[in-house]
file upload29.txt (compact mmCIF, C-alpha atoms and all ligand atoms)
# COMPACT_ATOMS: atom_id res chain seq x y z
CA ASN A 12 -123.48 62.73 60.00
CA LEU A 13 -119.93 63.30 58.87
CA THR A 14 -118.39 60.15 60.40
CA GLU A 15 -120.96 57.99 58.66
CA LEU A 16 -120.35 59.77 55.37
CA ILE A 17 -116.59 59.27 55.66
CA MET A 18 -117.01 55.57 56.45
CA GLU A 19 -119.35 55.10 53.52
CA THR A 20 -116.90 56.84 51.20
CA TYR A 21 -114.15 54.62 52.57
CA TYR A 22 -116.27 51.52 51.97
CA ASP A 23 -117.09 52.54 48.40
CA SER A 24 -113.41 53.20 47.73
CA LEU A 25 -112.63 49.53 48.39
CA LEU A 26 -114.69 48.40 45.42
CA GLU A 27 -113.36 51.29 43.35
CA ASN A 28 -109.80 50.22 44.22
CA ASN A 29 -110.60 46.70 43.06
CA LYS A 30 -111.65 47.94 39.62
CA ASN A 31 -108.47 50.00 39.34
CA TRP A 32 -106.36 47.01 40.41
CA VAL A 33 -107.95 44.82 37.71
CA ALA A 34 -107.29 47.51 35.10
CA ASP A 35 -103.65 47.83 36.18
CA LYS A 36 -103.10 44.06 36.08
CA LEU A 37 -104.64 43.77 32.62
CA LYS A 38 -102.48 46.61 31.37
CA GLU A 39 -99.36 44.71 32.53
CA ASP A 40 -100.57 41.37 31.21
CA PRO A 41 -103.86 40.89 29.33
CA ASP A 42 -103.71 37.18 30.24
CA PHE A 43 -103.18 37.75 33.99
CA PHE A 44 -106.57 36.45 35.15
CA ASN A 45 -106.91 33.82 32.41
CA LYS A 46 -103.73 32.18 33.68
CA LEU A 47 -104.89 32.23 37.30
CA ALA A 48 -108.29 30.82 36.34
CA HIS A 49 -106.60 27.57 35.29
CA GLY A 50 -105.70 26.64 38.87
CA GLN A 51 -103.05 27.09 41.53
CA LYS A 52 -99.72 25.43 42.28
CA PRO A 53 -98.26 27.63 45.04
CA PRO A 54 -94.82 26.60 46.36
CA VAL A 55 -95.43 28.18 49.77
CA LEU A 56 -97.84 27.78 52.68
CA TRP A 57 -97.86 30.86 54.91
CA ILE A 58 -99.03 30.63 58.51
CA GLY A 59 -99.15 34.15 59.87
CA CYS A 60 -100.87 36.46 62.33
CA SER A 61 -104.24 38.03 61.52
CA ASP A 62 -102.69 41.45 62.31
CA SER A 63 -103.64 43.95 59.58
CA ARG A 64 -100.04 45.19 59.36
CA VAL A 65 -98.65 41.86 58.18
CA PRO A 66 -100.14 41.16 54.72
CA ALA A 67 -98.58 37.88 53.61
CA ASN A 68 -98.13 38.38 49.86
CA GLU A 69 -97.25 42.05 49.99
CA ILE A 70 -94.28 41.87 52.36
CA ILE A 71 -92.55 39.14 50.32
CA GLY A 72 -93.47 40.54 46.91
CA ALA A 73 -95.41 37.42 45.94
CA PRO A 74 -98.10 37.76 43.26
CA PRO A 75 -101.47 35.94 43.36
CA GLY A 76 -100.95 32.19 42.87
CA GLU A 77 -97.74 31.86 44.85
CA VAL A 78 -98.76 31.71 48.51
CA PHE A 79 -101.40 29.55 50.18
CA VAL A 80 -102.35 31.44 53.33
CA HIS A 81 -103.62 30.63 56.81
CA ARG A 82 -103.81 33.39 59.39
CA ASN A 83 -104.99 33.43 62.97
CA ILE A 84 -104.24 35.39 66.12
CA ALA A 85 -100.52 35.04 66.93
CA ASN A 86 -99.79 32.58 64.06
CA MET A 87 -100.55 29.51 66.12
CA VAL A 88 -100.31 25.86 65.09
CA VAL A 89 -102.78 24.14 67.42
CA HIS A 90 -102.83 20.41 66.79
CA SER A 91 -106.59 20.07 67.25
CA ASP A 92 -107.52 23.10 65.12
CA MET A 93 -109.51 21.65 62.20
CA ASN A 94 -109.13 24.84 60.22
CA LEU A 95 -105.33 24.80 60.44
CA LEU A 96 -105.16 21.02 59.87
CA SER A 97 -107.39 21.22 56.79
CA VAL A 98 -105.29 24.01 55.30
CA LEU A 99 -102.10 22.10 56.13
CA ASP A 100 -103.33 18.80 54.68
CA TYR A 101 -104.51 20.41 51.47
CA ALA A 102 -101.31 22.43 51.09
CA VAL A 103 -99.00 19.50 51.80
CA ASN A 104 -100.82 16.59 50.16
CA VAL A 105 -102.75 18.15 47.29
CA LEU A 106 -100.85 21.32 46.37
CA GLU A 107 -97.54 19.75 47.48
CA VAL A 108 -96.00 22.97 48.73
CA LYS A 109 -92.23 22.94 49.23
CA HIS A 110 -92.00 25.50 52.03
CA ILE A 111 -94.16 26.16 55.06
CA ILE A 112 -93.37 29.47 56.68
CA VAL A 113 -94.58 30.38 60.16
CA CYS A 114 -94.27 34.16 60.26
CA GLY A 115 -94.72 35.91 63.59
CA HIS A 116 -94.17 39.60 64.12
CA TYR A 117 -92.71 41.92 66.73
CA GLY A 118 -95.42 43.97 68.42
CA CYS A 119 -97.89 41.05 68.29
CA GLY A 120 -100.85 41.90 70.51
CA GLY A 121 -101.69 38.25 71.12
CA VAL A 122 -98.19 37.42 72.32
CA GLN A 123 -97.99 40.60 74.42
CA THR A 124 -101.31 39.84 76.11
CA ALA A 125 -100.22 36.27 76.81
CA MET A 126 -97.45 37.64 79.06
CA THR A 127 -99.97 39.44 81.24
CA ASN A 128 -102.91 38.50 83.44
CA ALA A 129 -105.35 40.43 81.26
CA HIS A 130 -108.83 38.98 80.79
CA VAL A 131 -110.07 39.93 77.34
CA GLY A 132 -112.87 37.44 76.69
CA LEU A 133 -113.17 34.31 74.58
CA ILE A 134 -109.70 34.99 73.24
CA ASP A 135 -108.27 34.19 76.71
CA ASN A 136 -108.66 30.54 75.75
CA TRP A 137 -106.78 30.93 72.47
CA ILE A 138 -104.04 32.88 74.18
CA ARG A 139 -103.71 30.01 76.67
CA HIS A 140 -101.69 28.17 74.01
CA ILE A 141 -99.24 31.09 73.95
CA LYS A 142 -99.04 31.14 77.75
CA ASP A 143 -97.88 27.53 77.55
CA VAL A 144 -94.98 28.68 75.38
CA TYR A 145 -94.11 31.24 78.05
CA ARG A 146 -94.14 28.55 80.73
CA MET A 147 -91.93 26.25 78.64
CA ASN A 148 -89.40 29.05 78.14
CA TYR A 149 -89.75 30.69 81.54
CA GLU A 150 -86.08 30.27 82.50
CA GLU A 151 -84.91 32.21 79.46
CA LEU A 152 -87.66 34.85 79.45
CA HIS A 153 -87.95 35.84 83.09
CA VAL A 154 -84.33 37.02 83.29
CA ILE A 155 -84.74 39.51 80.42
CA GLN A 156 -85.22 42.83 82.24
CA GLU A 157 -86.13 45.16 79.40
CA PRO A 158 -89.86 44.67 78.65
CA LYS A 159 -89.58 45.10 74.86
CA ALA A 160 -86.60 42.76 74.64
CA ARG A 161 -88.54 40.19 76.63
CA VAL A 162 -91.66 40.29 74.47
CA ASP A 163 -89.55 40.31 71.27
CA ARG A 164 -87.80 37.14 72.41
CA PHE A 165 -91.16 35.65 73.38
CA VAL A 166 -92.40 36.33 69.81
CA GLU A 167 -89.36 34.46 68.43
CA LEU A 168 -89.75 31.52 70.82
CA ASN A 169 -93.45 31.30 69.98
CA VAL A 170 -92.65 31.06 66.26
CA PHE A 171 -90.11 28.33 66.96
CA GLU A 172 -92.65 26.41 69.03
CA GLN A 173 -95.21 26.62 66.21
CA VAL A 174 -92.64 25.32 63.70
CA CYS A 175 -92.11 22.37 66.05
CA ASN A 176 -95.87 21.93 66.34
CA LEU A 177 -96.03 21.64 62.54
CA ALA A 178 -93.32 18.98 62.62
CA LYS A 179 -95.29 17.00 65.20
CA THR A 180 -98.37 16.68 62.97
CA SER A 181 -99.09 13.38 61.20
CA ILE A 182 -99.50 15.44 58.01
CA VAL A 183 -95.96 16.82 57.94
CA GLN A 184 -94.32 13.61 59.19
CA GLY A 185 -96.27 11.63 56.58
CA ALA A 186 -95.03 13.95 53.84
CA TRP A 187 -91.43 13.67 55.10
CA GLU A 188 -91.71 9.91 54.80
CA ARG A 189 -92.67 10.21 51.12
CA ARG A 190 -90.61 13.17 49.92
CA SER A 191 -87.52 15.10 50.94
CA ASP A 192 -88.42 18.56 49.67
CA LEU A 193 -90.72 19.85 52.43
CA HIS A 194 -89.07 22.58 54.49
CA LEU A 195 -90.48 24.24 57.61
CA HIS A 196 -89.26 27.76 58.39
CA GLY A 197 -89.67 30.28 61.20
CA TRP A 198 -89.66 34.02 60.48
CA VAL A 199 -90.37 37.18 62.42
CA TYR A 200 -91.55 40.33 60.66
CA ASP A 201 -90.85 43.72 62.19
CA VAL A 202 -93.82 46.05 61.78
CA ALA A 203 -91.52 48.96 62.71
CA ASP A 204 -89.16 48.61 59.71
CA GLY A 205 -90.77 46.07 57.37
CA LEU A 206 -87.88 43.63 57.52
CA ILE A 207 -88.16 39.88 58.05
CA LYS A 208 -85.76 38.03 60.33
CA ASP A 209 -85.19 34.38 59.39
CA LEU A 210 -84.82 32.53 62.70
CA ASP A 211 -82.77 29.81 60.95
CA VAL A 212 -84.76 27.01 62.51
CA THR A 213 -85.50 25.18 59.25
CA LEU A 214 -86.74 21.61 59.75
CA MET A 215 -86.65 18.99 56.95
CA ASN A 216 -87.26 15.82 59.01
CA ASN A 217 -88.39 14.75 62.48
CA SER A 218 -84.90 13.95 63.82
CA THR A 219 -84.78 16.89 66.25
CA LEU A 220 -88.16 16.11 67.82
CA GLN A 221 -88.30 14.54 71.23
CA ASN A 222 -88.76 10.81 70.74
CA VAL A 223 -92.34 10.68 71.97
CA TYR A 224 -93.45 12.90 69.05
CA LYS A 225 -91.90 10.75 66.31
CA LEU A 226 -94.54 8.78 64.45
CA ASP A 227 -93.91 5.36 62.86
CA ILE A 228 -95.33 6.17 59.46
CO CO B 301 -99.97 39.40 65.93
call {"tool": "encode", "arguments": {"input": "upload29.txt", "output": "structure tokens", "more": "lines below"}}
Ligand code: CO
result
Amino acid sequence: NLTELIMETYYDSLLENNKNWVADKLKEDPDFFNKLAHGQKPPVLWIGCSDSRVPANEIIGAPPGEVFVHRNIANMVVHSDMNLLSVLDYAVNVLEVKHIIVCGHYGCGGVQTAMTNAHVGLIDNWIRHIKDVYRMNYEELHVIQEPKARVDRFVELNVFEQVCNLAKTSIVQGAWERRSDLHLHGWVYDVADGLIKDLDVTLMNNSTLQNVYKLDI
């Protein structure tokens, strides 16, 4: 059937595209892959949404080797998530990245759903973390009348909360104790125009955290 044929052609094109990409890279620089094979020293850890419209490297023009990437639904930093913590520990303590960027995006399905009473499935329990951010910012959010403006602000507040969650980890506070060049940033990407908004919430130490979160390291 035609649909099957189209999907198969699409699938084959992915591997074909890969071959073309390799050829293009080698044309630009015959040593491109040899250099990458020697190892990585990326300056940036990217924590972004799994959304297919927000490809980390592409939207900031970063070539392979520059960005260590962790993506999950709604770019969450959950302090008991072993996957996130492993990525964070490796990036901070082995690769010694200088910048950790939490990049949310307007039009985020996870954030939108968190504002509603929708029951989707297993994901309800992941989205619970985002609902907590809504509760913590209820006073600001519930007075915003226009639905899009409200969810856009919720996206921004969620990014800010995840930047704070990074700062609360023993990994980031430990690194801050040893070196002064680790910056945490919060960004929001707009899928409608491709532009990134820097929320200007950069953290370089734990001084702005509520006292209970400060660790004696
Ligand atoms: Co999203």
call {"tool": "axis_aligned_box", "arguments": {"input": "upload29.txt", "around": "stretch 171-177 of chain A", "padding_each_side": "5 Å", "output": "lines of an AutoDock Vina configuration file"}}
result
center_x = -93.1
center_y = 25.0
center_z = 65.8
size_x = 15.9
size_y = 16.7
size_z = 16.5
call {"tool": "residues_around", "arguments": {"input": "upload29.txt", "residues": "stretch 34-47 of chain A", "least_positions_apart": "4", "cutoff": "7 Å", "atoms": "all atoms listed in the file", "output": "JSON, numbers by chain"}}
result
{"A": [30, 51, 76]}
call {"tool": "residues_around", "arguments": {"input": "upload29.txt", "residues": "A:Ile141", "least_positions_apart": "4", "cutoff": "8 Å", "atoms": "all atoms listed in the file", "output": "list in words"}}
result
Val122, Ala125, Trp137, Tyr145 and Asn169 of chain A
call {"tool": "residues_near_ligand", "arguments": {"input": "upload29.txt", "ligand": "ligand CO 301 (chain B)", "cutoff": "10 Å", "atoms": "all atoms listed in the file", "output": "PyMOL selection string"}}
result
chain A and resi 59-65+82-87+114-123+166+200+202
call {"tool": "residues_around", "arguments": {"input": "upload29.txt", "residues": "stretch 170-181 of chain A", "least_positions_apart": "6", "cutoff": "9 Å", "atoms": "only C-alpha atoms", "output": "number ranges by chain"}}
result
A: 85-90, 96, 99, 111-116, 144, 195-199, 210, 212-217, 220, 224-226, 228
call {"tool": "closest_residue", "arguments": {"input": "upload29.txt", "among": "A:Glu69, A:Glu151, A:Asp192, A:Glu157", "to": "A:Glu107", "atoms": "only C-alpha atoms"}}
result
A:Asp192
call {"tool": "atom_distance", "arguments": {"input": "upload29.txt", "atom1": "atom CA of A:Ala48", "atom2": "atom CA of A:Asn94"}}
result
24.6 Å
call {"tool": "closest_residue", "arguments": {"input": "upload29.txt", "among": "A:Lys109, A:Pro75, A:Thr124, A:Glu15", "to": "A:Gly50", "atoms": "only C-alpha atoms"}}
result
A:Pro75
call {"tool": "decode", "arguments": {"input": "upload29.txt", "residues": "stretch 95-137 of chain A", "atoms": "N, CA and C atoms", "output": "short mmCIF file (atom, residue, chain, number, x, y, z; two decimals), in the first residue's frame"}}
result
data_model
loop_
_atom_site.label_atom_id
_atom_site.label_comp_id
_atom_site.auth_asym_id
_atom_site.auth_seq_id
_atom_site.Cartn_x
_atom_site.Cartn_y
_atom_site.Cartn_z
N LEU A 95 19.29 12.36 34.45
CA LEU A 95 19.73 13.76 34.50
C LEU A 95 20.97 13.92 35.38
N LEU A 96 20.97 13.32 36.56
CA LEU A 96 22.09 13.48 37.49
C LEU A 96 23.38 12.90 36.93
N SER A 97 23.28 11.80 36.21
CA SER A 97 24.47 11.19 35.61
C SER A 97 25.04 12.09 34.52
N VAL A 98 24.15 12.62 33.69
CA VAL A 98 24.58 13.54 32.64
C VAL A 98 25.22 14.78 33.26
N LEU A 99 24.57 15.31 34.30
CA LEU A 99 25.06 16.52 34.96
C LEU A 99 26.42 16.27 35.61
N ASP A 100 26.57 15.17 36.31
CA ASP A 100 27.83 14.87 36.99
C ASP A 100 28.96 14.71 35.99
N TYR A 101 28.69 13.99 34.92
CA TYR A 101 29.72 13.78 33.91
C TYR A 101 30.10 15.10 33.24
N ALA A 102 29.09 15.90 32.91
CA ALA A 102 29.34 17.17 32.23
C ALA A 102 30.13 18.13 33.12
N VAL A 103 29.75 18.19 34.40
CA VAL A 103 30.35 19.16 35.31
C VAL A 103 31.72 18.70 35.81
N ASN A 104 31.83 17.44 36.19
CA ASN A 104 33.05 16.97 36.87
C ASN A 104 34.06 16.29 35.97
N VAL A 105 33.65 15.77 34.85
CA VAL A 105 34.61 15.13 33.94
C VAL A 105 34.89 16.05 32.74
N LEU A 106 33.83 16.47 32.06
CA LEU A 106 34.02 17.34 30.90
C LEU A 106 34.32 18.78 31.32
N GLU A 107 33.93 19.15 32.53
CA GLU A 107 34.10 20.49 33.07
C GLU A 107 33.53 21.58 32.16
N VAL A 108 32.25 21.42 31.84
CA VAL A 108 31.57 22.43 31.03
C VAL A 108 31.54 23.77 31.79
N LYS A 109 31.48 24.85 31.01
CA LYS A 109 31.47 26.19 31.61
C LYS A 109 30.05 26.75 31.72
N HIS A 110 29.18 26.28 30.84
CA HIS A 110 27.81 26.80 30.80
C HIS A 110 26.80 25.66 30.77
N ILE A 111 25.80 25.76 31.63
CA ILE A 111 24.68 24.83 31.56
C ILE A 111 23.46 25.65 31.18
N ILE A 112 22.86 25.28 30.07
CA ILE A 112 21.71 26.04 29.57
C ILE A 112 20.46 25.18 29.67
N VAL A 113 19.47 25.68 30.44
CA VAL A 113 18.14 25.06 30.41
C VAL A 113 17.35 25.82 29.36
N CYS A 114 16.96 25.12 28.30
CA CYS A 114 16.23 25.79 27.22
C CYS A 114 14.83 25.23 27.09
N GLY A 115 13.85 26.01 27.52
CA GLY A 115 12.45 25.66 27.31
C GLY A 115 11.99 26.21 25.97
N HIS A 116 10.73 26.05 25.68
CA HIS A 116 10.23 26.63 24.43
C HIS A 116 8.74 26.95 24.55
N TYR A 117 8.38 28.07 23.92
CA TYR A 117 6.95 28.43 23.84
C TYR A 117 6.25 27.35 23.02
N GLY A 118 5.01 27.08 23.37
CA GLY A 118 4.26 26.03 22.68
C GLY A 118 4.60 24.64 23.18
N CYS A 119 5.18 24.54 24.38
CA CYS A 119 5.58 23.25 24.94
C CYS A 119 4.34 22.45 25.38
N GLY A 120 4.16 21.30 24.76
CA GLY A 120 2.99 20.47 25.07
C GLY A 120 2.95 20.02 26.52
N GLY A 121 4.12 19.70 27.08
CA GLY A 121 4.18 19.25 28.46
C GLY A 121 3.72 20.33 29.42
N VAL A 122 4.20 21.55 29.18
CA VAL A 122 3.84 22.68 30.05
C VAL A 122 2.36 23.02 29.89
N GLN A 123 1.90 23.01 28.63
CA GLN A 123 0.48 23.30 28.36
C GLN A 123 -0.42 22.31 29.09
N THR A 124 -0.08 21.02 28.97
CA THR A 124 -0.90 19.97 29.59
C THR A 124 -0.92 20.11 31.10
N ALA A 125 0.23 20.54 31.65
CA ALA A 125 0.33 20.67 33.11
C ALA A 125 -0.65 21.69 33.68
N MET A 126 -1.11 22.63 32.83
CA MET A 126 -2.06 23.66 33.27
C MET A 126 -3.49 23.14 33.31
N THR A 127 -3.68 21.96 32.72
CA THR A 127 -5.04 21.43 32.59
C THR A 127 -5.26 20.25 33.53
N ASN A 128 -6.43 19.66 33.44
CA ASN A 128 -6.74 18.48 34.25
C ASN A 128 -6.68 17.20 33.40
N ALA A 129 -6.07 17.33 32.22
CA ALA A 129 -6.00 16.19 31.30
C ALA A 129 -5.30 15.00 31.93
N HIS A 130 -5.83 13.81 31.63
CA HIS A 130 -5.18 12.56 32.04
C HIS A 130 -4.67 11.90 30.78
N VAL A 131 -3.34 11.84 30.63
CA VAL A 131 -2.75 11.33 29.40
C VAL A 131 -2.27 9.89 29.58
N GLY A 132 -1.74 9.58 30.76
CA GLY A 132 -1.21 8.24 31.00
C GLY A 132 -0.05 8.34 31.98
N LEU A 133 0.95 7.51 31.76
CA LEU A 133 2.13 7.52 32.64
C LEU A 133 2.70 8.92 32.80
N ILE A 134 2.66 9.67 31.70
CA ILE A 134 3.25 11.00 31.67
C ILE A 134 2.62 11.95 32.70
N ASP A 135 1.39 11.63 33.14
CA ASP A 135 0.76 12.45 34.20
C ASP A 135 1.71 12.64 35.38
N ASN A 136 2.48 11.59 35.67
CA ASN A 136 3.34 11.61 36.85
C ASN A 136 4.61 12.43 36.64
N TRP A 137 5.03 12.54 35.39
CA TRP A 137 6.16 13.41 35.04
C TRP A 137 5.70 14.86 35.07
#
